[in-house]
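Heads up, the thing below is written out as structure tokens.
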There are 2 protein chains.
Amino acid sequence: MESTRFQLEQHEIPTHWYNVVADMPNPPAPPLGADGQPVAPERMAAIFPPAILEQEMSAERWIPIPEPVREIYRLWRPSPLIRAHRLEQMLGTPARIYYKNEGVSPAGSHKPNSAVPQAYYNRQAGIRRLTTETGAGQWGSSIAFAGQMFGIEVRVYMVKVSYQQKPFRRSMMQTWGAEVIASPSPMTQTGRDLLARDPDNQGSLGIAISEAVEEAASRADTNYALGSVLNHVALHQTIIGQEAKKQFEKAGDWPDIVFAPCGGGSSFAGAAFPFIADNAAGGRQGKTVRLVAVEPTSCPTLTKGTYAYDFGDASGFTPLMKMYTLGHDFMPPGIHAGGLRYHGASSLVSQLYHEGLIEAVAVPQLATFEAGVMFARAEGIIPAPESNHAIRATIDEALRCKATGEAKTLFFNLTGHGHFDMAAYDRYFTGELENYDYPAEAIQASLLHLPKVG
Amino acid sequence: MESTRFQLEQHEIPTHWYNVVADMPNPPAPPLGADGQPVAPERMAAIFPPAILEQEMSAERWIPIPEPVREIYRLWRPSPLIRAHRLEQMLGTPARIYYKNEGVSPAGSHKPNSAVPQAYYNRQAGIRRLTTETGAGQWGSSIAFAGQMFGIEVRVYMVKVSYQQKPFRRSMMQTWGAEVIASPSPMTQTGRDLLARDPDNQGSLGIAISEAVEEAASRADTNYALGSVLNHVALHQTIIGQEAKKQFEKAGDWPDIVFAPCGGGSSFAGAAFPFIADNAAGGRQGKTVRLVAVEPTSCPTLTKGTYAYDFGDASGFTPLMKMYTLGHDFMPPGIHAGGLRYHGASSLVSQLYHEGLIEAVAVPQLATFEAGVMFARAEGIIPAPESNHAIRATIDEALRCKATGEAKTLFFNLTGHGHFDMAAYDRYFTGELENYDYPAEAIQASLLHLPKVG
């Protein structure tokens with residue numbers, strides 16, 4: 001029996017994050033202000049600490065991971081790289097399938113990889129409070145956990161409908177000591193205005209972001225933390241791919257293709273970016289690695305969106321970012337992979353896609369749950385709905401390998417477990433889950449509202 | 001920074017389970033039939049396969065773990081031994097605290113350690129269907145997972161009130177392909193009789209056991225699986241302590257005291273029994289290890305029960321077992337640690353306690369949740385309510401060490417995560433959780449119904 005898991009020792013946790021900017025053919029398109037001019041980092045200093053702003057703008061290839069961050073990482077990292085022998089057998093494929101299990105973190109996903117350094121850098125800058133927003137609760141619980149690790153108070157604005165429907169993610173945040181507020185709330189001007197107009201407003205991620213940013217901007221002791229999209233978040237997540245590369249060396253193998261779910265882009269960046277360093281240097285073991293972002297057909301940002309400057313949030317509060325977008329006021333259908341319901345994608349991911357260094361594919365909801373159940377029955381782990389997107393694309397490729405007889409090495413990012421998503425599996429089994437068509441008309445309408453730039 | 005995790009390689013998974021019977025001062029008291037005579041193993045052959053019956057009666061010290069079982073174990077084993085540096089700092093104790101994280105299994109607890117070999121031995125004996133019962137769902141989901149691994153159909157009789165109130169554990173079992181039936185059900189004579197008398201019967205673990213056993217006994221293709229109490233279950237769980245001993249050797253440390261939650265006894269046996277081998281041989285590194293079973297004050301089987309022959313189930317279907325018992329018709333208060341709501345304890349655990357080889361302590365519910373929250377805030381992981389009992393006892397000892405200045409090494413079994421128990425944490429935070437007094441009168445009344453033997 002060949003090995004199933006490739007485990008690193010704790011001292012093998014990477015000492016540096018990898019900054020893909022150093023290996024991009026062109027410098028990243030800068031964020032722009034409402035005036036069409038690049039946004040100076042100082043303008044963001046009201047809500048982000050200096051170290052984060054520096055990382056956001058950095059072109060250095062290697063950024064050292066502070067020892068106190070590695071100390072917290074050691075609570076669950078290195079995460080295992082696992083060879084999915086049983087899934088291969090179930091599919092009857094000659095492909096070799098590996099996955100990185102990021103569900104082993106306390107919060108159950110890859111999100112703490114960035115929440116921990118964000119909490120650390122804020123604490124280092126003397127900040128004792130953080131605000132953030134959360135929809136389904138993955139990011140909120142990660143920052144609640146990370147805040148607790150560094151003695152930082154955390155207030156999470158949680159979209160009201162989720163606050164009511166997903167009480168267990170809320171309890172998780174409270175267990176780590178965070179304060180969870182249903183958004184819109186009376187805590188902010190944004191919230192008060194909305195509630196005055198409609199006391200029954202159920203909230204949205206855009207509103208929750210506005211509340212969290214408003215509070216952080218107006219209190220000197222409070223900063224704001226974001227869980228995806230931005231460059232520093234992508235940077236922190238590269239710990240995933242950096243570890244995976246060491247583990248593939250131990251396995252004596254190397255991926256032909258990397259698959260990761262892609263919403264804002266943090267999990268894709270984490271798994272895929274470190275392989276761009278090798279591709280830029282001509283490949284390794286003679287291979288150039290294909291890097292495939294997997295998104296929902298109902299929210300097909302990269303595969304069907306437009307590459308343009310757009311707002312990062314639904315309400316137009318953020319700077320303009322050059323990215324693939326479906327239009328900032330596009331409201332994605334209610335798929336269960338809440339982490340992929342985002343109108344845009346990270347600027348870095350978008351530019352790499354635009355320049356042909358990475359690929360993208362879209363998969364429909366029912367096929368992702370079918371893949372997730374196959375995976376659970378073969379490998380035991382019940383995956384998060386977001387992860388099911390990467391699993392679907394991996395299985396599709398493994399079946400192509402079966403047809404052609406090619407023994408490719410496939411690697412996917414298992415971004416999290418599905419323990420808080422069992423209601424979605426329930427709906428899948430009872431046939432209540434919808435597939436959602438490609439929402440062409442809604443996207444066309446939304447793209448008409450792209451901001452004018454320059 | 002010292003190491004946090006002590007990880008074994010996959011080839012270091014123990015090759016044998018440890019059978020504590022070989023090191024007991026006296027042979028185990030045999031199970032008795034209604035006639036007061038020892039039960040012949042053949043009488044159990046209708047519901048258990050030969051290999052399981054052989055293990056149930058064996059006095060061999062080492063029982064080899066079949067390779068196909070180790071192959072499935074490798075999906076999550078070896079589980080990590082973790083040094084709880086941050087908890088030590090939070091407590092300000094000179095004690096060194098370690099825990100074994102059994103929550104990393106697909107089902108989220110230590111239960112698959114026995115579910116996997118039970119499924120394997122049944123499959124080997126040509127059995128294609130298993131029945132079992134489950135209350136909160138930990139054992140049911142473990143046998144659902146294990147059945148899926150070996151191509152065995154699983155039917156789980158789930159206590160009706162849990163079936164309705166805990167839909168997510170049910171979805172988990174269905175994800176692994178198991179059929180989940182609300183008990184009492186129309187599937188069995190037991191169920192039909194009960195429903196005829198009261199169509200709204202909400203079920204109990206005793207009823208669910210009766211239904212599962214009735215079906216297994218009446219179908220040649222179907223066997224039954226039990227998740228605790230019996231000798232073979234304790235045997236399988238010793239993988240926990242066997243691994244831990246190897247990990248302590250790597251850590252260059254050795255426990256002074258082992259704490260594990262104790263309901264039926266499977267998690268305590270798993271963590272503690274392997275140290276009895278060392279104690280019997282005079283200790284290691286000059287230490288005799290204290291082994292402490294931790295139970296709820298509201299269900300204080302070892303600390304307040306009677307050592308006597310009693311039924312293993314509430315309804316009197318099973319053979320009589322010599323054990324500490326609160327009386328088989330004692331109904332424990334509704335604490336959230338469902339896995340510890342059992343009137344008796346494993347015969348082996350009971351005899352070892354009676355003969356002074358192990359200790360026991362009882363802790364109240366609110367104190368266990370307080371301990372679980374402290375642990376989550378220090379170490380990140382949110383523990384199962386059962387595990388919180390071991391954490392409470394460990395913290396109490398660590399605080400005694402703080403008072404005396406002793407640098408003891410404490411080891412506890414983190415039996416599972418609390419992802420499906422967040423409603424209990426919620427109730428703890430809102431102050432709705434009850435402490436429950438020691439139910440002295442109910443226990444006295446129940447002990448009056450102990451069966452007469454011999």
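The chains in the structure tokens are called A, B, ... from first to last as shown; in each chain the residues are counted from 1, and the ligands are counted from 1 in the order shown.
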
**Message:** Which residues are close to A:Ile381, i.e. within 8 Å by only C-alpha atoms, leaving aside same-chain residues fewer than 3 positions away? Reply as a PyMOL selection string.
**Reply:** (chain A and resi 375-376+417) or (chain B and resi 106-107)

Write the selection just made, keeping N, CA, C and O atoms, as a PDB file, in the first residue's frame?
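Generated file (result_10.pdb):
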```
ATOM      1  N   PHE A 375     -16.886  12.128  -3.330  1.00  0.00           N
ATOM      2  CA  PHE A 375     -15.648  12.303  -2.565  1.00  0.00           C
ATOM      3  C   PHE A 375     -15.825  11.824  -1.131  1.00  0.00           C
ATOM      4  O   PHE A 375     -14.984  11.096  -0.588  1.00  0.00           O
ATOM      5  N   ALA A 376     -16.933  12.208  -0.500  1.00  0.00           N
ATOM      6  CA  ALA A 376     -17.184  11.807   0.897  1.00  0.00           C
ATOM      7  C   ALA A 376     -17.253  10.290   1.015  1.00  0.00           C
ATOM      8  O   ALA A 376     -16.751   9.708   1.983  1.00  0.00           O
ATOM      9  N   HIS A 417     -14.254  21.901   5.411  1.00  0.00           N
ATOM     10  CA  HIS A 417     -15.224  20.826   5.619  1.00  0.00           C
ATOM     11  C   HIS A 417     -16.638  21.384   5.533  1.00  0.00           C
ATOM     12  O   HIS A 417     -16.854  22.594   5.614  1.00  0.00           O
TER      13      HIS A 417
ATOM     14  N   PRO B 106     -13.047  11.473   9.947  1.00  0.00           N
ATOM     15  CA  PRO B 106     -14.140  11.987   9.116  1.00  0.00           C
ATOM     16  C   PRO B 106     -15.429  12.202   9.899  1.00  0.00           C
ATOM     17  O   PRO B 106     -16.139  13.180   9.681  1.00  0.00           O
ATOM     18  N   ALA B 107     -15.751  11.282  10.817  1.00  0.00           N
ATOM     19  CA  ALA B 107     -16.989  11.428  11.578  1.00  0.00           C
ATOM     20  C   ALA B 107     -16.818  12.399  12.744  1.00  0.00           C
ATOM     21  O   ALA B 107     -17.796  12.748  13.403  1.00  0.00           O
TER      22      ALA B 107
END
```

**Message:** If we count only C-alpha atoms and set the cut-off at 7 Å, which residues sit around A:Ile209, ignoring sequence neighbours fewer than 4 positions away in its own chain? Please answer as a ChimeraX atom specification.
**Reply:** /A:132-133,205,213

**Residues of chain B within 7 Å of chain A, only C-alpha atoms counted, as a PyMOL selection string** = chain B and resi 4+74-75+106+145+148+168+171-172+175-176+373+376-377+380-381+419+422-423+425-426

**Backbone DSSP call of strand (DSSP E) for stretch 11-201 of chain B, listed as a ChimeraX atom specification** = /B:16-18,62-64,81-83,96-101,129-134,153-159,179-183

**Request:** Could you tell me how far atom CA of A:Gln164 lies from atom CA of B:Ala371, in Å and to one decimal?
**Result:**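 Atom-to-atom, atom CA of A:Gln164 to atom CA of B:Ala371, that is 27.4 Å.
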
**Request:** For B:Ser204, list every protein, DNA or RNA residue within 10 Å, evaluated using only C-alpha atoms, and leave out those in the same chain fewer than 6 positions away; present the list as a PyMOL selection string.
**Result:** chain B and resi 133-135+158-162+183-184+210+314+331

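Shell of stretch 239-249 of chain A at 8 Å, with only C-alpha atoms counted and residues fewer than 6 places along the chain excluded, is Phe6, Gln7, Leu8, Ile13, Pro14, His16, Trp17, Tyr18, Pro78, Ser79, Leu81, Lys100, Asn113, Pro255, Gly270, Ala271, Ala272, Phe273, Pro274 and Phe275 of chain A.
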
**Asked** Just asking: which residues within stretch 196-318 of chain B are helix (DSSP H, G or I) according to DSSP, as number ranges by chain?
**Response** B: 196-197, 205-218, 231-237, 239-251, 266-280, 301-304

Kindly save the residues from that selection, with C-alpha atoms included, as a compact mmCIF listing (two decimals), in the first residue's frame.
```txt
# COMPACT_ATOMS: atom_id res chain seq x y z
CA ALA B 196 -49.65 0.96 18.39
CA ARG B 197 -49.71 1.97 22.04
CA LEU B 205 -31.61 4.65 23.10
CA GLY B 206 -32.96 1.46 24.71
CA ILE B 207 -35.75 1.22 22.15
CA ALA B 208 -33.40 1.93 19.25
CA ILE B 209 -31.02 -0.83 20.45
CA SER B 210 -33.97 -3.25 20.62
CA GLU B 211 -35.01 -2.42 17.07
CA ALA B 212 -31.48 -2.75 15.67
CA VAL B 213 -30.86 -6.07 17.47
CA GLU B 214 -34.26 -7.46 16.51
CA GLU B 215 -33.64 -6.79 12.85
CA ALA B 216 -30.09 -8.19 12.94
CA ALA B 217 -31.20 -11.33 14.78
CA SER B 218 -33.98 -12.00 12.31
CA ASN B 231 -14.54 -5.66 25.21
CA HIS B 232 -13.86 -5.62 21.47
CA VAL B 233 -14.80 -1.95 21.27
CA ALA B 234 -12.41 -1.09 24.10
CA LEU B 235 -9.76 -3.16 22.31
CA HIS B 236 -10.10 -1.27 19.01
CA GLN B 237 -9.92 2.08 20.76
CA ILE B 239 -5.04 2.58 18.98
CA ILE B 240 -5.37 5.98 20.68
CA GLY B 241 -3.15 5.22 23.64
CA GLN B 242 -0.75 3.10 21.60
CA GLU B 243 -0.11 6.04 19.29
CA ALA B 244 0.08 8.45 22.21
CA LYS B 245 2.82 6.40 23.86
CA LYS B 246 4.94 6.56 20.70
CA GLN B 247 4.30 10.28 20.51
CA PHE B 248 5.27 10.85 24.14
CA GLU B 249 8.51 9.04 23.42
CA LYS B 250 9.15 11.47 20.56
CA ALA B 251 8.27 14.36 22.87
CA SER B 266 -14.71 3.39 24.88
CA SER B 267 -12.77 6.65 24.88
CA PHE B 268 -11.39 6.07 28.37
CA ALA B 269 -10.32 2.54 27.48
CA GLY B 270 -8.72 3.82 24.30
CA ALA B 271 -6.58 6.45 25.97
CA ALA B 272 -5.87 4.74 29.29
CA PHE B 273 -5.60 0.95 28.83
CA PRO B 274 -2.25 0.97 27.00
CA PHE B 275 -0.67 2.66 30.03
CA ILE B 276 -1.84 -0.23 32.22
CA ALA B 277 0.67 -2.41 30.37
CA ASP B 278 3.44 -0.09 31.59
CA ASN B 279 2.03 0.22 35.08
CA ALA B 280 1.82 -3.59 35.30
CA THR B 301 -21.71 5.63 37.21
CA LEU B 302 -18.27 4.87 38.63
CA THR B 303 -18.21 7.38 41.47
CA LYS B 304 -21.72 6.74 42.83
```

**Message:** Could you list, as an MDAnalysis selection string, every residue within 10 Å of B:Leu53, counting only C-alpha atoms and ignoring same-chain residues fewer than 3 positions away?
**Reply:** chainID B and resid 40:42 44:45 47:50 56:58 231:232

**Complete:** Taken to one decimal, the atom CA of A:Arg341-atom CA of A:Leu32 distance is 23.8 Å

**Request:** Show which residues sit within 7 Å of A:Thr222, as a VMD selection string. Count only C-alpha atoms, and ignore same-chain residues fewer than 5 positions away.
**Result:** chain A and resid 127 to 130 216

**Prompt:** So which residues touch A:Thr368 within 9 Å, counting only C-alpha atoms, skipping near sequence neighbours fewer than 2 positions away, as JSON, numbers by chain?
**Reply:** {"A": [296, 363, 364, 365, 366, 370, 371, 372, 373, 385, 386, 387, 388, 389, 390, 391, 392, 393]}

Generate the output file for the selected residues, N, CA, C and O atoms, as a PDB file, in the first residue's frame.
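For reference, result12.pdb as written:
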```pdb
ATOM      1  N   PRO A 296     -18.732  28.875 -10.064  1.00  0.00           N
ATOM      2  CA  PRO A 296     -20.085  28.380 -10.356  1.00  0.00           C
ATOM      3  C   PRO A 296     -20.599  28.936 -11.685  1.00  0.00           C
ATOM      4  O   PRO A 296     -20.348  30.095 -12.003  1.00  0.00           O
ATOM      5  N   VAL A 363     -18.742  25.345 -13.262  1.00  0.00           N
ATOM      6  CA  VAL A 363     -19.478  24.082 -13.058  1.00  0.00           C
ATOM      7  C   VAL A 363     -20.798  24.384 -12.354  1.00  0.00           C
ATOM      8  O   VAL A 363     -20.873  25.284 -11.512  1.00  0.00           O
ATOM      9  N   PRO A 364     -21.859  23.616 -12.709  1.00  0.00           N
ATOM     10  CA  PRO A 364     -23.177  23.886 -12.128  1.00  0.00           C
ATOM     11  C   PRO A 364     -23.353  23.240 -10.747  1.00  0.00           C
ATOM     12  O   PRO A 364     -22.723  22.232 -10.439  1.00  0.00           O
ATOM     13  N   GLN A 365     -24.241  23.838  -9.950  1.00  0.00           N
ATOM     14  CA  GLN A 365     -24.376  23.461  -8.536  1.00  0.00           C
ATOM     15  C   GLN A 365     -24.632  21.968  -8.308  1.00  0.00           C
ATOM     16  O   GLN A 365     -23.976  21.340  -7.478  1.00  0.00           O
ATOM     17  N   LEU A 366     -25.598  21.386  -9.033  1.00  0.00           N
ATOM     18  CA  LEU A 366     -25.931  19.982  -8.750  1.00  0.00           C
ATOM     19  C   LEU A 366     -24.741  19.067  -9.004  1.00  0.00           C
ATOM     20  O   LEU A 366     -24.499  18.123  -8.246  1.00  0.00           O
ATOM     21  N   GLU A 370     -22.950  16.404  -6.430  1.00  0.00           N
ATOM     22  CA  GLU A 370     -22.724  15.011  -6.812  1.00  0.00           C
ATOM     23  C   GLU A 370     -21.249  14.647  -6.576  1.00  0.00           C
ATOM     24  O   GLU A 370     -20.937  13.594  -6.008  1.00  0.00           O
ATOM     25  N   ALA A 371     -20.357  15.546  -6.972  1.00  0.00           N
ATOM     26  CA  ALA A 371     -18.927  15.295  -6.798  1.00  0.00           C
ATOM     27  C   ALA A 371     -18.558  15.240  -5.315  1.00  0.00           C
ATOM     28  O   ALA A 371     -17.770  14.382  -4.887  1.00  0.00           O
ATOM     29  N   GLY A 372     -19.144  16.137  -4.522  1.00  0.00           N
ATOM     30  CA  GLY A 372     -18.844  16.166  -3.094  1.00  0.00           C
ATOM     31  C   GLY A 372     -19.266  14.877  -2.397  1.00  0.00           C
ATOM     32  O   GLY A 372     -18.554  14.366  -1.527  1.00  0.00           O
ATOM     33  N   VAL A 373     -20.415  14.348  -2.792  1.00  0.00           N
ATOM     34  CA  VAL A 373     -20.892  13.103  -2.184  1.00  0.00           C
ATOM     35  C   VAL A 373     -20.002  11.930  -2.610  1.00  0.00           C
ATOM     36  O   VAL A 373     -19.646  11.080  -1.792  1.00  0.00           O
ATOM     37  N   PRO A 385     -19.350  23.240   0.344  1.00  0.00           N
ATOM     38  CA  PRO A 385     -19.874  23.423  -1.016  1.00  0.00           C
ATOM     39  C   PRO A 385     -18.884  24.136  -1.949  1.00  0.00           C
ATOM     40  O   PRO A 385     -18.837  23.833  -3.144  1.00  0.00           O
ATOM     41  N   GLU A 386     -18.102  25.064  -1.417  1.00  0.00           N
ATOM     42  CA  GLU A 386     -17.098  25.738  -2.244  1.00  0.00           C
ATOM     43  C   GLU A 386     -16.092  24.718  -2.770  1.00  0.00           C
ATOM     44  O   GLU A 386     -15.752  24.690  -3.957  1.00  0.00           O
ATOM     45  N   SER A 387     -15.608  23.859  -1.849  1.00  0.00           N
ATOM     46  CA  SER A 387     -14.618  22.844  -2.233  1.00  0.00           C
ATOM     47  C   SER A 387     -15.162  21.908  -3.296  1.00  0.00           C
ATOM     48  O   SER A 387     -14.415  21.414  -4.153  1.00  0.00           O
ATOM     49  N   ASN A 388     -16.469  21.656  -3.243  1.00  0.00           N
ATOM     50  CA  ASN A 388     -17.071  20.736  -4.218  1.00  0.00           C
ATOM     51  C   ASN A 388     -16.861  21.199  -5.652  1.00  0.00           C
ATOM     52  O   ASN A 388     -16.872  20.385  -6.580  1.00  0.00           O
ATOM     53  N   HIS A 389     -16.677  22.496  -5.845  1.00  0.00           N
ATOM     54  CA  HIS A 389     -16.404  22.996  -7.195  1.00  0.00           C
ATOM     55  C   HIS A 389     -15.065  22.470  -7.707  1.00  0.00           C
ATOM     56  O   HIS A 389     -14.956  22.000  -8.838  1.00  0.00           O
ATOM     57  N   ALA A 390     -14.050  22.540  -6.863  1.00  0.00           N
ATOM     58  CA  ALA A 390     -12.733  22.017  -7.270  1.00  0.00           C
ATOM     59  C   ALA A 390     -12.786  20.510  -7.453  1.00  0.00           C
ATOM     60  O   ALA A 390     -12.163  19.958  -8.368  1.00  0.00           O
ATOM     61  N   ILE A 391     -13.548  19.838  -6.595  1.00  0.00           N
ATOM     62  CA  ILE A 391     -13.658  18.375  -6.700  1.00  0.00           C
ATOM     63  C   ILE A 391     -14.328  17.997  -8.019  1.00  0.00           C
ATOM     64  O   ILE A 391     -13.910  17.071  -8.708  1.00  0.00           O
ATOM     65  N   ARG A 392     -15.387  18.728  -8.380  1.00  0.00           N
ATOM     66  CA  ARG A 392     -16.074  18.451  -9.642  1.00  0.00           C
ATOM     67  C   ARG A 392     -15.113  18.544 -10.825  1.00  0.00           C
ATOM     68  O   ARG A 392     -15.056  17.653 -11.676  1.00  0.00           O
ATOM     69  N   ALA A 393     -14.362  19.638 -10.879  1.00  0.00           N
ATOM     70  CA  ALA A 393     -13.449  19.833 -12.009  1.00  0.00           C
ATOM     71  C   ALA A 393     -12.358  18.763 -12.013  1.00  0.00           C
ATOM     72  O   ALA A 393     -11.943  18.280 -13.076  1.00  0.00           O
TER      73      ALA A 393
END
```

**Request:** Would you please work out which residue, of A:Gly334, A:Met24, A:Cys401, A:Asn413, is nearest to A:Val294 when using only C-alpha atoms?
**Result:** A:Asn413

**Item:** Of the listed residues B:Arg123, B:Gly312, B:Thr93, B:Ala59, that which approaches B:Glu406 most closely, counting only C-alpha atoms
**Value:**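 Checking each candidate against B:Glu406, we get B:Thr93 as the closest.
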
**Request:** Work out how far atom CA of B:Tyr98 is from atom CA of B:Ser114, in Å to one decimal.
**Result:**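 Separating atom CA of B:Ser114 from atom CA of B:Tyr98 is a distance of 23.3 Å.
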